[in-house]
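work38.cif follows; it contains mmCIF, C-alpha atoms, pLDDT in the B column; chains and numbers go by the auth columns.
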data_target
loop_
_atom_site.group_PDB
_atom_site.id
_atom_site.type_symbol
_atom_site.label_atom_id
_atom_site.label_comp_id
_atom_site.label_asym_id
_atom_site.label_seq_id
_atom_site.Cartn_x
_atom_site.Cartn_y
_atom_site.Cartn_z
_atom_site.B_iso_or_equiv
_atom_site.auth_seq_id
_atom_site.auth_asym_id
ATOM 1 C CA MET A 1 -2.096 -7.659 125.812 47.00 1 B
ATOM 2 C CA THR A 2 -2.368 -11.364 126.583 51.00 2 B
ATOM 3 C CA ALA A 3 -1.865 -14.144 124.073 45.00 3 B
ATOM 4 C CA ARG A 4 -5.568 -14.897 124.273 48.00 4 B
ATOM 5 C CA SER A 5 -6.550 -11.314 123.428 49.00 5 B
ATOM 6 C CA VAL A 6 -4.081 -11.239 120.501 42.00 6 B
ATOM 7 C CA LEU A 7 -5.627 -14.441 119.122 42.00 7 B
ATOM 8 C CA ALA A 8 -9.121 -13.015 119.516 46.00 8 B
ATOM 9 C CA SER A 9 -8.121 -9.837 117.680 49.00 9 B
ATOM 10 C CA CYS A 10 -6.637 -11.851 114.797 45.00 10 B
ATOM 11 C CA LEU A 11 -9.753 -13.992 114.503 41.00 11 B
ATOM 12 C CA GLY A 12 -11.879 -10.863 114.470 48.00 12 B
ATOM 13 C CA LEU A 13 -9.863 -9.397 111.609 43.00 13 B
ATOM 14 C CA LEU A 14 -10.078 -12.647 109.644 41.00 14 B
ATOM 15 C CA SER A 15 -13.839 -12.620 109.981 43.00 15 B
ATOM 16 C CA LEU A 16 -13.913 -9.295 108.121 43.00 16 B
ATOM 17 C CA LEU A 17 -12.119 -10.744 105.069 42.00 17 B
ATOM 18 C CA PRO A 18 -14.270 -11.999 102.182 43.00 18 B
ATOM 19 C CA ALA A 19 -14.704 -15.752 102.088 41.00 19 B
ATOM 20 C CA ALA A 20 -12.561 -17.584 99.521 38.00 20 B
ATOM 21 C CA ARG A 21 -14.626 -18.766 96.577 38.00 21 B
ATOM 22 C CA PRO A 22 -13.963 -22.253 95.217 40.00 22 B
ATOM 23 C CA VAL A 23 -13.227 -22.547 91.512 49.00 23 B
ATOM 24 C CA ALA A 24 -16.487 -23.368 89.732 66.00 24 B
ATOM 25 C CA ALA A 25 -16.596 -26.794 88.109 83.00 25 B
ATOM 26 C CA ASP A 26 -18.621 -26.809 84.898 93.00 26 B
ATOM 27 C CA GLU A 27 -20.176 -29.645 82.923 97.00 27 B
ATOM 28 C CA ILE A 28 -19.088 -29.555 79.298 97.00 28 B
ATOM 29 C CA VAL A 29 -21.776 -31.299 77.233 98.00 29 B
ATOM 30 C CA LEU A 30 -20.769 -32.384 73.731 98.00 30 B
ATOM 31 C CA ALA A 31 -23.332 -33.257 71.064 97.00 31 B
ATOM 32 C CA SER A 32 -22.283 -35.500 68.181 94.00 32 B
ATOM 33 C CA PRO A 33 -23.402 -38.600 66.212 88.00 33 B
ATOM 34 C CA GLU A 34 -22.306 -42.050 67.290 88.00 34 B
ATOM 35 C CA TYR A 35 -21.738 -43.147 63.677 82.00 35 B
ATOM 36 C CA TRP A 36 -18.663 -40.896 63.353 88.00 36 B
ATOM 37 C CA CYS A 37 -16.448 -43.368 65.156 91.00 37 B
ATOM 38 C CA PRO A 38 -13.535 -42.927 65.772 93.00 38 B
ATOM 39 C CA PHE A 39 -14.199 -39.133 65.924 95.00 39 B
ATOM 40 C CA SER A 40 -17.270 -39.582 68.099 95.00 40 B
ATOM 41 C CA CYS A 41 -18.842 -42.899 69.033 95.00 41 B
ATOM 42 C CA LYS A 42 -21.648 -44.213 71.223 95.00 42 B
ATOM 43 C CA ALA A 43 -22.175 -42.177 74.396 97.00 43 B
ATOM 44 C CA GLY A 44 -21.214 -44.199 77.459 97.00 44 B
ATOM 45 C CA ALA A 45 -19.152 -46.720 75.481 96.00 45 B
ATOM 46 C CA ALA A 46 -15.671 -47.714 76.612 95.00 46 B
ATOM 47 C CA GLN A 47 -14.390 -45.609 73.712 96.00 47 B
ATOM 48 C CA GLU A 48 -16.538 -42.548 73.006 98.00 48 B
ATOM 49 C CA GLY A 49 -14.258 -41.242 70.238 97.00 49 B
ATOM 50 C CA PHE A 50 -10.842 -39.651 70.169 97.00 50 B
ATOM 51 C CA THR A 51 -12.177 -36.087 69.863 98.00 51 B
ATOM 52 C CA VAL A 52 -14.322 -36.669 72.959 98.00 52 B
ATOM 53 C CA ASP A 53 -11.328 -38.146 74.792 98.00 53 B
ATOM 54 C CA ILE A 54 -9.208 -35.123 73.888 98.00 54 B
ATOM 55 C CA VAL A 55 -11.820 -32.662 75.172 98.00 55 B
ATOM 56 C CA ARG A 56 -12.314 -34.709 78.341 98.00 56 B
ATOM 57 C CA GLU A 57 -8.582 -34.883 79.043 97.00 57 B
ATOM 58 C CA ILE A 58 -8.179 -31.121 78.666 98.00 58 B
ATOM 59 C CA PHE A 59 -11.248 -30.003 80.588 98.00 59 B
ATOM 60 C CA THR A 60 -11.008 -32.601 83.364 97.00 60 B
ATOM 61 C CA ALA A 61 -7.502 -31.339 84.112 96.00 61 B
ATOM 62 C CA ALA A 62 -9.057 -27.880 84.590 96.00 62 B
ATOM 63 C CA GLY A 63 -11.597 -29.234 87.108 96.00 63 B
ATOM 64 C CA HIS A 64 -14.577 -29.665 84.792 97.00 64 B
ATOM 65 C CA THR A 65 -16.571 -32.732 83.722 97.00 65 B
ATOM 66 C CA VAL A 66 -17.335 -33.758 80.136 98.00 66 B
ATOM 67 C CA ARG A 67 -20.395 -35.641 78.915 98.00 67 B
ATOM 68 C CA LEU A 68 -21.307 -36.808 75.406 98.00 68 B
ATOM 69 C CA VAL A 69 -24.853 -36.958 74.031 97.00 69 B
ATOM 70 C CA ASN A 70 -25.567 -38.572 70.665 95.00 70 B
ATOM 71 C CA GLN A 71 -27.533 -36.626 68.077 91.00 71 B
ATOM 72 C CA ASN A 72 -27.496 -36.540 64.312 85.00 72 B
ATOM 73 C CA TYR A 73 -25.178 -33.804 63.160 86.00 73 B
ATOM 74 C CA SER A 74 -27.779 -31.323 61.926 84.00 74 B
ATOM 75 C CA ARG A 75 -29.664 -31.524 65.233 90.00 75 B
ATOM 76 C CA ALA A 76 -26.432 -31.246 67.202 91.00 76 B
ATOM 77 C CA LEU A 77 -25.493 -27.996 65.458 92.00 77 B
ATOM 78 C CA LEU A 78 -28.969 -26.539 66.059 93.00 78 B
ATOM 79 C CA ASP A 79 -29.005 -27.417 69.752 96.00 79 B
ATOM 80 C CA VAL A 80 -25.459 -26.199 70.398 97.00 80 B
ATOM 81 C CA ARG A 81 -26.228 -22.964 68.556 96.00 81 B
ATOM 82 C CA ALA A 82 -29.294 -22.515 70.774 97.00 82 B
ATOM 83 C CA GLY A 83 -27.177 -23.048 73.886 97.00 83 B
ATOM 84 C CA LEU A 84 -28.743 -26.369 74.915 97.00 84 B
ATOM 85 C CA TYR A 85 -25.318 -28.024 74.789 98.00 85 B
ATOM 86 C CA THR A 86 -21.808 -26.654 75.142 98.00 86 B
ATOM 87 C CA ALA A 87 -20.131 -27.693 71.907 98.00 87 B
ATOM 88 C CA THR A 88 -19.723 -30.125 69.075 96.00 88 B
ATOM 89 C CA PRO A 89 -16.390 -31.939 69.333 97.00 89 B
ATOM 90 C CA SER A 90 -15.386 -31.907 65.649 94.00 90 B
ATOM 91 C CA THR A 91 -16.711 -29.259 63.247 91.00 91 B
ATOM 92 C CA PHE A 92 -15.448 -27.324 60.225 87.00 92 B
ATOM 93 C CA HIS A 93 -15.449 -23.522 60.347 89.00 93 B
ATOM 94 C CA GLU A 94 -17.706 -23.310 57.296 82.00 94 B
ATOM 95 C CA GLU A 95 -20.306 -25.583 58.912 84.00 95 B
ATOM 96 C CA ALA A 96 -20.909 -23.219 61.846 91.00 96 B
ATOM 97 C CA PRO A 97 -19.194 -19.873 61.186 91.00 97 B
ATOM 98 C CA ASP A 98 -21.000 -18.206 64.098 96.00 98 B
ATOM 99 C CA PHE A 99 -19.589 -20.651 66.670 97.00 99 B
ATOM 100 C CA VAL A 100 -16.510 -19.933 68.804 98.00 100 B
ATOM 101 C CA PHE A 101 -13.465 -21.945 67.693 98.00 101 B
ATOM 102 C CA PRO A 102 -10.170 -22.564 69.493 98.00 102 B
ATOM 103 C CA ALA A 103 -6.993 -21.702 67.612 98.00 103 B
ATOM 104 C CA ALA A 104 -5.889 -25.355 67.673 97.00 104 B
ATOM 105 C CA PRO A 105 -7.701 -28.004 65.588 97.00 105 B
ATOM 106 C CA ILE A 106 -8.881 -31.262 67.133 97.00 106 B
ATOM 107 C CA SER A 107 -8.537 -33.451 64.048 95.00 107 B
ATOM 108 C CA ARG A 108 -7.270 -33.662 60.513 93.00 108 B
ATOM 109 C CA ASN A 109 -9.881 -34.849 58.039 92.00 109 B
ATOM 110 C CA ARG A 110 -9.267 -36.065 54.517 93.00 110 B
ATOM 111 C CA TYR A 111 -11.653 -37.518 51.955 95.00 111 B
ATOM 112 C CA CYS A 112 -10.206 -40.345 49.913 97.00 112 B
ATOM 113 C CA VAL A 113 -11.377 -42.581 47.100 98.00 113 B
ATOM 114 C CA PHE A 114 -11.384 -46.263 48.090 98.00 114 B
ATOM 115 C CA VAL A 115 -11.276 -49.094 45.565 97.00 115 B
ATOM 116 C CA PRO A 116 -11.055 -52.914 45.843 96.00 116 B
ATOM 117 C CA ALA A 117 -7.803 -54.146 47.344 94.00 117 B
ATOM 118 C CA ASP A 118 -6.698 -55.677 44.026 94.00 118 B
ATOM 119 C CA SER A 119 -7.553 -52.617 41.903 95.00 119 B
ATOM 120 C CA ARG A 120 -4.721 -50.694 40.235 94.00 120 B
ATOM 121 C CA TRP A 121 -6.818 -47.606 39.469 96.00 121 B
ATOM 122 C CA THR A 122 -5.455 -44.329 40.858 96.00 122 B
ATOM 123 C CA TYR A 123 -7.289 -41.146 41.719 97.00 123 B
ATOM 124 C CA HIS A 124 -5.944 -37.991 40.053 95.00 124 B
ATOM 125 C CA GLY A 125 -8.613 -35.487 41.049 95.00 125 B
ATOM 126 C CA PRO A 126 -12.386 -35.246 40.536 96.00 126 B
ATOM 127 C CA ALA A 127 -12.191 -35.446 36.722 95.00 127 B
ATOM 128 C CA SER A 128 -10.507 -38.858 36.942 95.00 128 B
ATOM 129 C CA LEU A 129 -13.681 -40.367 38.423 95.00 129 B
ATOM 130 C CA ALA A 130 -15.014 -40.521 34.864 92.00 130 B
ATOM 131 C CA GLY A 131 -12.982 -43.714 34.476 83.00 131 B
ATOM 132 C CA LEU A 132 -15.109 -45.543 37.042 92.00 132 B
ATOM 133 C CA GLY A 133 -18.634 -46.932 37.090 90.00 133 B
ATOM 134 C CA ARG A 134 -20.733 -46.739 40.261 95.00 134 B
ATOM 135 C CA ILE A 135 -19.233 -44.666 43.084 97.00 135 B
ATOM 136 C CA GLY A 136 -20.606 -44.641 46.625 96.00 136 B
ATOM 137 C CA VAL A 137 -21.180 -41.342 48.421 94.00 137 B
ATOM 138 C CA ILE A 138 -23.154 -40.219 51.466 87.00 138 B
ATOM 139 C CA ARG A 139 -26.122 -37.893 51.308 81.00 139 B
ATOM 140 C CA ASP A 140 -25.568 -34.329 52.547 73.00 140 B
ATOM 141 C CA TYR A 141 -21.803 -34.740 52.827 77.00 141 B
ATOM 142 C CA ALA A 142 -19.712 -31.815 51.601 77.00 142 B
ATOM 143 C CA TYR A 143 -16.655 -33.378 49.932 86.00 143 B
ATOM 144 C CA GLY A 144 -15.116 -30.126 48.739 84.00 144 B
ATOM 145 C CA PRO A 145 -15.825 -27.927 45.700 89.00 145 B
ATOM 146 C CA GLY A 146 -14.295 -30.223 43.081 92.00 146 B
ATOM 147 C CA LEU A 147 -15.950 -33.462 44.125 94.00 147 B
ATOM 148 C CA ASP A 148 -19.266 -31.765 44.934 90.00 148 B
ATOM 149 C CA ALA A 149 -19.380 -30.286 41.426 94.00 149 B
ATOM 150 C CA VAL A 150 -18.794 -33.678 39.765 95.00 150 B
ATOM 151 C CA ILE A 151 -21.427 -35.381 41.945 94.00 151 B
ATOM 152 C CA LYS A 152 -23.953 -32.663 41.124 93.00 152 B
ATOM 153 C CA ALA A 153 -23.169 -32.707 37.392 94.00 153 B
ATOM 154 C CA THR A 154 -23.370 -36.516 36.960 93.00 154 B
ATOM 155 C CA PRO A 155 -25.651 -37.807 39.745 93.00 155 B
ATOM 156 C CA ARG A 156 -26.493 -41.086 38.001 92.00 156 B
ATOM 157 C CA ARG A 157 -22.923 -42.293 38.368 93.00 157 B
ATOM 158 C CA PHE A 158 -23.090 -41.980 42.164 96.00 158 B
ATOM 159 C CA GLU A 159 -24.795 -44.330 44.579 95.00 159 B
ATOM 160 C CA VAL A 160 -26.098 -42.220 47.474 92.00 160 B
ATOM 161 C CA HIS A 161 -26.203 -43.812 50.936 89.00 161 B
ATOM 162 C CA THR A 162 -28.107 -42.751 54.056 81.00 162 B
ATOM 163 C CA GLY A 163 -28.756 -44.146 57.523 74.00 163 B
ATOM 164 C CA GLU A 164 -26.467 -45.903 59.988 75.00 164 B
ATOM 165 C CA GLY A 165 -23.280 -47.927 59.524 81.00 165 B
ATOM 166 C CA LEU A 166 -22.507 -46.198 56.242 86.00 166 B
ATOM 167 C CA THR A 167 -18.769 -46.819 56.096 91.00 167 B
ATOM 168 C CA GLU A 168 -19.148 -50.540 56.752 91.00 168 B
ATOM 169 C CA ARG A 169 -22.016 -50.756 54.251 92.00 169 B
ATOM 170 C CA MET A 170 -19.956 -49.210 51.472 95.00 170 B
ATOM 171 C CA LEU A 171 -16.980 -51.425 52.278 96.00 171 B
ATOM 172 C CA ARG A 172 -19.189 -54.516 51.969 96.00 172 B
ATOM 173 C CA ARG A 173 -20.707 -53.397 48.674 96.00 173 B
ATOM 174 C CA LEU A 174 -17.244 -52.687 47.330 96.00 174 B
ATOM 175 C CA GLN A 175 -16.071 -56.140 48.349 93.00 175 B
ATOM 176 C CA LEU A 176 -19.115 -57.749 46.711 94.00 176 B
ATOM 177 C CA GLY A 177 -18.387 -55.936 43.446 94.00 177 B
ATOM 178 C CA ARG A 178 -21.595 -53.898 43.569 95.00 178 B
ATOM 179 C CA MET A 179 -19.722 -50.618 43.088 95.00 179 B
ATOM 180 C CA ASP A 180 -16.302 -49.658 41.772 96.00 180 B
ATOM 181 C CA ALA A 181 -15.306 -47.182 44.467 98.00 181 B
ATOM 182 C CA PHE A 182 -16.580 -45.007 47.266 98.00 182 B
ATOM 183 C CA ILE A 183 -15.550 -41.690 48.789 97.00 183 B
ATOM 184 C CA GLU A 184 -15.150 -41.451 52.541 95.00 184 B
ATOM 185 C CA GLU A 185 -13.097 -39.838 55.309 93.00 185 B
ATOM 186 C CA GLU A 186 -9.872 -41.789 55.790 92.00 186 B
ATOM 187 C CA ASN A 187 -10.098 -42.127 59.593 89.00 187 B
ATOM 188 C CA LEU A 188 -13.605 -43.598 59.407 91.00 188 B
ATOM 189 C CA VAL A 189 -12.428 -46.260 56.969 93.00 189 B
ATOM 190 C CA ALA A 190 -9.264 -46.973 58.967 88.00 190 B
ATOM 191 C CA HIS A 191 -11.366 -47.521 62.089 86.00 191 B
ATOM 192 C CA ALA A 192 -13.888 -49.751 60.290 89.00 192 B
ATOM 193 C CA THR A 193 -11.204 -51.954 58.729 90.00 193 B
ATOM 194 C CA ARG A 194 -9.377 -52.217 62.046 85.00 194 B
ATOM 195 C CA GLN A 195 -12.586 -53.508 63.624 85.00 195 B
ATOM 196 C CA GLN A 196 -13.245 -55.873 60.689 89.00 196 B
ATOM 197 C CA PRO A 197 -10.010 -56.682 58.828 90.00 197 B
ATOM 198 C CA ALA A 198 -11.855 -58.755 56.230 91.00 198 B
ATOM 199 C CA LEU A 199 -13.376 -55.562 54.848 92.00 199 B
ATOM 200 C CA ALA A 200 -10.254 -54.609 52.925 90.00 200 B
ATOM 201 C CA ALA A 201 -9.994 -51.668 50.529 96.00 201 B
ATOM 202 C CA ARG A 202 -7.185 -49.713 48.926 96.00 202 B
ATOM 203 C CA VAL A 203 -6.756 -45.949 49.036 97.00 203 B
ATOM 204 C CA ALA A 204 -6.597 -44.831 45.402 97.00 204 B
ATOM 205 C CA GLY A 205 -5.896 -41.197 46.276 97.00 205 B
ATOM 206 C CA CYS A 206 -7.140 -38.355 48.444 96.00 206 B
ATOM 207 C CA GLU A 207 -8.229 -34.754 48.407 95.00 207 B
ATOM 208 C CA ALA A 208 -6.238 -32.150 50.340 93.00 208 B
ATOM 209 C CA PRO A 209 -6.702 -32.417 54.113 92.00 209 B
ATOM 210 C CA THR A 210 -8.935 -30.089 56.092 89.00 210 B
ATOM 211 C CA TYR A 211 -9.067 -29.486 59.839 93.00 211 B
ATOM 212 C CA ALA A 212 -11.932 -29.680 62.311 93.00 212 B
ATOM 213 C CA TYR A 213 -12.292 -27.986 65.683 97.00 213 B
ATOM 214 C CA MET A 214 -14.170 -28.148 68.945 98.00 214 B
ATOM 215 C CA ALA A 215 -17.004 -25.724 68.109 97.00 215 B
ATOM 216 C CA ILE A 216 -18.399 -23.901 71.142 98.00 216 B
ATOM 217 C CA SER A 217 -21.884 -22.431 71.368 98.00 217 B
ATOM 218 C CA PRO A 218 -21.913 -18.683 70.613 97.00 218 B
ATOM 219 C CA ARG A 219 -24.483 -18.349 73.401 96.00 219 B
ATOM 220 C CA HIS A 220 -22.229 -19.823 76.087 97.00 220 B
ATOM 221 C CA PRO A 221 -20.922 -17.110 78.458 96.00 221 B
ATOM 222 C CA LYS A 222 -17.567 -18.891 78.772 97.00 222 B
ATOM 223 C CA ALA A 223 -17.087 -19.662 75.087 97.00 223 B
ATOM 224 C CA GLN A 224 -13.926 -17.588 74.676 98.00 224 B
ATOM 225 C CA GLU A 225 -12.485 -18.921 77.938 97.00 225 B
ATOM 226 C CA TYR A 226 -13.142 -22.503 76.850 98.00 226 B
ATOM 227 C CA ALA A 227 -11.549 -21.851 73.444 98.00 227 B
ATOM 228 C CA ARG A 228 -8.341 -20.614 75.101 98.00 228 B
ATOM 229 C CA LEU A 229 -8.416 -23.508 77.563 98.00 229 B
ATOM 230 C CA PHE A 230 -8.658 -26.000 74.712 98.00 230 B
ATOM 231 C CA THR A 231 -5.815 -24.469 72.707 98.00 231 B
ATOM 232 C CA ASP A 232 -3.492 -24.370 75.722 98.00 232 B
ATOM 233 C CA GLY A 233 -4.474 -27.900 76.724 98.00 233 B
ATOM 234 C CA MET A 234 -3.943 -29.296 73.241 97.00 234 B
ATOM 235 C CA GLY A 235 -0.388 -28.012 73.293 96.00 235 B
ATOM 236 C CA ARG A 236 0.241 -29.730 76.621 97.00 236 B
ATOM 237 C CA LEU A 237 -1.251 -33.023 75.394 97.00 237 B
ATOM 238 C CA ARG A 238 1.005 -33.001 72.352 96.00 238 B
ATOM 239 C CA ARG A 239 4.168 -32.105 74.298 96.00 239 B
ATOM 240 C CA SER A 240 3.508 -34.690 77.018 96.00 240 B
ATOM 241 C CA GLY A 241 2.765 -37.542 74.624 95.00 241 B
ATOM 242 C CA ARG A 242 -0.813 -37.943 75.852 97.00 242 B
ATOM 243 C CA LEU A 243 -2.264 -37.005 72.457 97.00 243 B
ATOM 244 C CA LYS A 244 -0.219 -39.751 70.832 96.00 244 B
ATOM 245 C CA ALA A 245 -1.564 -42.250 73.392 97.00 245 B
ATOM 246 C CA ILE A 246 -5.183 -41.164 72.864 97.00 246 B
ATOM 247 C CA MET A 247 -4.886 -41.511 69.104 94.00 247 B
ATOM 248 C CA ALA A 248 -3.088 -44.860 69.379 93.00 248 B
ATOM 249 C CA ALA A 249 -6.031 -46.283 71.346 93.00 249 B
ATOM 250 C CA TYR A 250 -8.082 -45.898 68.144 88.00 250 B
ATOM 251 C CA GLY A 251 -5.377 -47.202 65.836 83.00 251 B
ATOM 252 C CA LEU A 252 -4.505 -43.674 64.678 87.00 252 B
ATOM 253 C CA GLN A 253 -1.610 -41.279 65.069 87.00 253 B
ATOM 254 C CA ASP A 254 -1.135 -37.581 65.741 90.00 254 B
ATOM 255 C CA TRP A 255 -1.614 -35.935 62.343 87.00 255 B
ATOM 256 C CA THR A 256 1.430 -33.707 62.876 84.00 256 B
ATOM 257 C CA GLN A 257 3.726 -36.724 63.075 72.00 257 B
ATOM 258 C CA PRO A 258 5.398 -38.065 59.918 58.00 258 B
#

If you convert what's in this file into structure tokens, what do you get?
Amino acid sequence: MTARSVLASCLGLLSLLPAARPVAADEIVLASPEYWCPFSCKAGAAQEGFTVDIVREIFTAAGHTVRLVNQNYSRALLDVRAGLYTATPSTFHEEAPDFVFPAAPISRNRYCVFVPADSRWTYHGPASLAGLGRIGVIRDYAYGPGLDAVIKATPRRFEVHTGEGLTERMLRRLQLGRMDAFIEEENLVAHATRQQPALAARVAGCEAPTYAYMAISPRHPKAQEYARLFTDGMGRLRRSGRLKAIMAAYGLQDWTQP
């Protein structure tokens, strides 16, 4: 058999083998409000939020693309549940128990009571709020059983806010002396005061922390695969130091660090 005939035979055998399939690249579409900065910010901005950056870092490394769309939170949950979008980037289990959650959280969240910078008052649990006058809260927020019960029982003592720019608005009203305190998530306030240092406030005390997760649509055929991919990727980000760098870009730190 000549060299040419051997080559022809080999090529013939190769033609019978199934063609190699490239790894499919998916688009991961996240739906979240822009007013949750630094968790999620304006879509297309230089900084779209640290939870969005974390998801993008993990899924881009696996060959996928990540895109953020801004929606109010209630609409985002409805559309992700319906399968119109892939996931919300930062959600509590109790907010969407039917969604698919990774084992690893994407953020630590903690509601705190903020008072004027020169105030000496200290928060010792929901009952201690009786020592204050007007307290700012946000409509439809779930602050936890204790705080929710106090707000429901004594609604006249709470100033309810809605709309955009809520954290900044409450900081300004606090500074102007128009309320004695407000309750808000600590990272939102840290981000707002980093952007505008003049809007100073003191943390009087906090509730116990809770943890939020990338919440994947239960209708997505790759939901379980994405959940495992996120958990594995989060471990790599933490070990490599990339998570620390992502958080530092927003003036924050990895919540597992002292």

Could you write out as an MDAnalysis selection string the residues that the PyMOL selection byres ((chain B and resi 195) around 12) matches in the shown file?
chainID B and resid 37:38 167:168 188:194 196:200 250:251

Rounded to one decimal place, report the CA of Gly146 (chain B)-CA of Ser119 (chain B) distance in Å.
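We find that CA of Gly146 (chain B) and CA of Ser119 (chain B) lie 23.4 Å from each other.
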
For the provided coordinates, the residues matched by the PyMOL selection byres ((chain B and resi 165) around 10) should be stated as a list in words.
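Evaluating the PyMOL selection byres ((chain B and resi 165) around 10) on these coordinates yields Glu34, Tyr35, Trp36, Cys37, His161, Thr162, Gly163, Glu164, Leu166, Thr167, Glu168, Arg169, Met170 and Ala192 of chain B.
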
Residue neighbourhood Cys112 (chain B), 10 Å, only C-alpha atoms, exclusion window fewer than 3 positions, as a ChimeraX atom specification:
/B:109,115,123,143,182-187,189,202-209

One decimal, in Å: what's the spacing between CA of Gln47 (chain B) and CA of Ala249 (chain B)?
8.7 Å

Name the residues in contact with Ala223 (chain B) at a cut-off of 12 Å, using all atoms listed in the file, excluding same-chain residues fewer than 5 positions from it; report them as number ranges by chain.
B: 28, 80-81, 83, 85-87, 98-102, 214-218, 228-230

What does the file look like for those residues with C-alpha atoms, as an mmCIF file, in the frame of the given file?
data_model
loop_
_atom_site.group_PDB
_atom_site.id
_atom_site.type_symbol
_atom_site.label_atom_id
_atom_site.label_comp_id
_atom_site.auth_asym_id
_atom_site.auth_seq_id
_atom_site.Cartn_x
_atom_site.Cartn_y
_atom_site.Cartn_z
ATOM 1 C CA ILE B 28 -19.088 -29.555 79.298
ATOM 2 C CA VAL B 80 -25.459 -26.199 70.398
ATOM 3 C CA ARG B 81 -26.228 -22.964 68.556
ATOM 4 C CA GLY B 83 -27.177 -23.048 73.886
ATOM 5 C CA TYR B 85 -25.318 -28.024 74.789
ATOM 6 C CA THR B 86 -21.808 -26.654 75.142
ATOM 7 C CA ALA B 87 -20.131 -27.693 71.907
ATOM 8 C CA ASP B 98 -21.000 -18.206 64.098
ATOM 9 C CA PHE B 99 -19.589 -20.651 66.670
ATOM 10 C CA VAL B 100 -16.510 -19.933 68.804
ATOM 11 C CA PHE B 101 -13.465 -21.945 67.693
ATOM 12 C CA PRO B 102 -10.170 -22.564 69.493
ATOM 13 C CA MET B 214 -14.170 -28.148 68.945
ATOM 14 C CA ALA B 215 -17.004 -25.724 68.109
ATOM 15 C CA ILE B 216 -18.399 -23.901 71.142
ATOM 16 C CA SER B 217 -21.884 -22.431 71.368
ATOM 17 C CA PRO B 218 -21.913 -18.683 70.613
ATOM 18 C CA ARG B 228 -8.341 -20.614 75.101
ATOM 19 C CA LEU B 229 -8.416 -23.508 77.563
ATOM 20 C CA PHE B 230 -8.658 -26.000 74.712
#

For each of B:Trp121, B:Tyr141, B:Phe114, B:Tyr226, take the minimum atom-to-atom distance to Leu174 (chain B), counting all atoms listed in the file, then give the residue where this is smallest.
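Closest to Leu174 (chain B) of all the choices is B:Phe114.
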
Surrounding residues of Lys244 (chain B) excluding itself and chain neighbours under 4 positions, 8 Å, only C-alpha atoms, as number ranges by chain
B: 238, 248, 253-254

Saved selection, atoms kept: C-alpha atoms, as an mmCIF file, keeping the file's coordinate frame:
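File written: result-v3.cif
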data_model
loop_
_atom_site.group_PDB
_atom_site.id
_atom_site.type_symbol
_atom_site.label_atom_id
_atom_site.label_comp_id
_atom_site.auth_asym_id
_atom_site.auth_seq_id
_atom_site.Cartn_x
_atom_site.Cartn_y
_atom_site.Cartn_z
ATOM 1 C CA ARG B 238 1.005 -33.001 72.352
ATOM 2 C CA ALA B 248 -3.088 -44.860 69.379
ATOM 3 C CA GLN B 253 -1.610 -41.279 65.069
ATOM 4 C CA ASP B 254 -1.135 -37.581 65.741
#

Point-to-point distance from CA of Ile106 (chain B) to CA of Leu77 (chain B), Å rounded to tenths
17.0 Å

Please enumerate the residues selected by the PyMOL selection byres ((chain B and resi 42) around 12) when evaluated against the supplied file, formatted as a list in words.
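Evaluating the PyMOL selection byres ((chain B and resi 42) around 12) on these coordinates yields Ala31, Ser32, Pro33, Glu34, Tyr35, Trp36, Cys37, Pro38, Phe39, Ser40, Cys41, Ala43, Gly44, Ala45, Ala46, Gln47, Glu48, Gly49, Phe50, Val52, Arg67, Leu68, Val69, Asn70, Gln71 and Asn72 of chain B.
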
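Near (-25.3, -44.6, 38.9), the residues that fall inside 8 Å on the basis of all atoms listed in the file are Gly133, Arg134, Ile135, Pro155, Arg156, Arg157, Phe158 and Glu159 of chain B.
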
Option closest in space to Ile58 (chain B), from B:Thr210, B:Thr231, B:Ser128, B:Gln257 [counting only C-alpha atoms]
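Of all the options, B:Thr231 lies closest to Ile58 (chain B).
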
Minimum-distance residue to Ala117 (chain B), chosen among B:Gln175, B:Ser240, B:Gln224, B:Thr256 (using all atoms listed in the file):
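That would be B:Gln175, the residue with the smallest distance to Ala117 (chain B).
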
Among listed residues B:Ala96, B:Ala61, B:Ala212, B:Ala127, nearest Arg110 (chain B) (using all atoms listed in the file):
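For Arg110 (chain B), the nearest of the candidates is B:Ala212.
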
Would you mind exporting region 40-55 of chain B with C-alpha atoms, as a compact mmCIF listing (two decimals), in the first residue's frame?
# COMPACT_ATOMS: atom_id res chain seq x y z
CA SER B 40 -27.13 46.39 41.13
CA CYS B 41 -26.84 49.74 39.39
CA LYS B 42 -27.70 51.31 36.04
CA ALA B 43 -27.42 48.88 33.12
CA GLY B 44 -24.55 49.85 30.84
CA ALA B 45 -22.85 52.04 33.46
CA ALA B 46 -19.14 51.74 34.16
CA GLN B 47 -20.13 50.02 37.40
CA GLU B 48 -23.28 47.92 37.10
CA GLY B 49 -23.11 46.63 40.69
CA PHE B 50 -20.90 44.19 42.51
CA THR B 51 -23.39 41.30 42.28
CA VAL B 52 -23.56 41.80 38.50
CA ASP B 53 -19.75 41.94 38.32
CA ILE B 54 -19.48 38.70 40.29
CA VAL B 55 -21.92 36.87 38.00
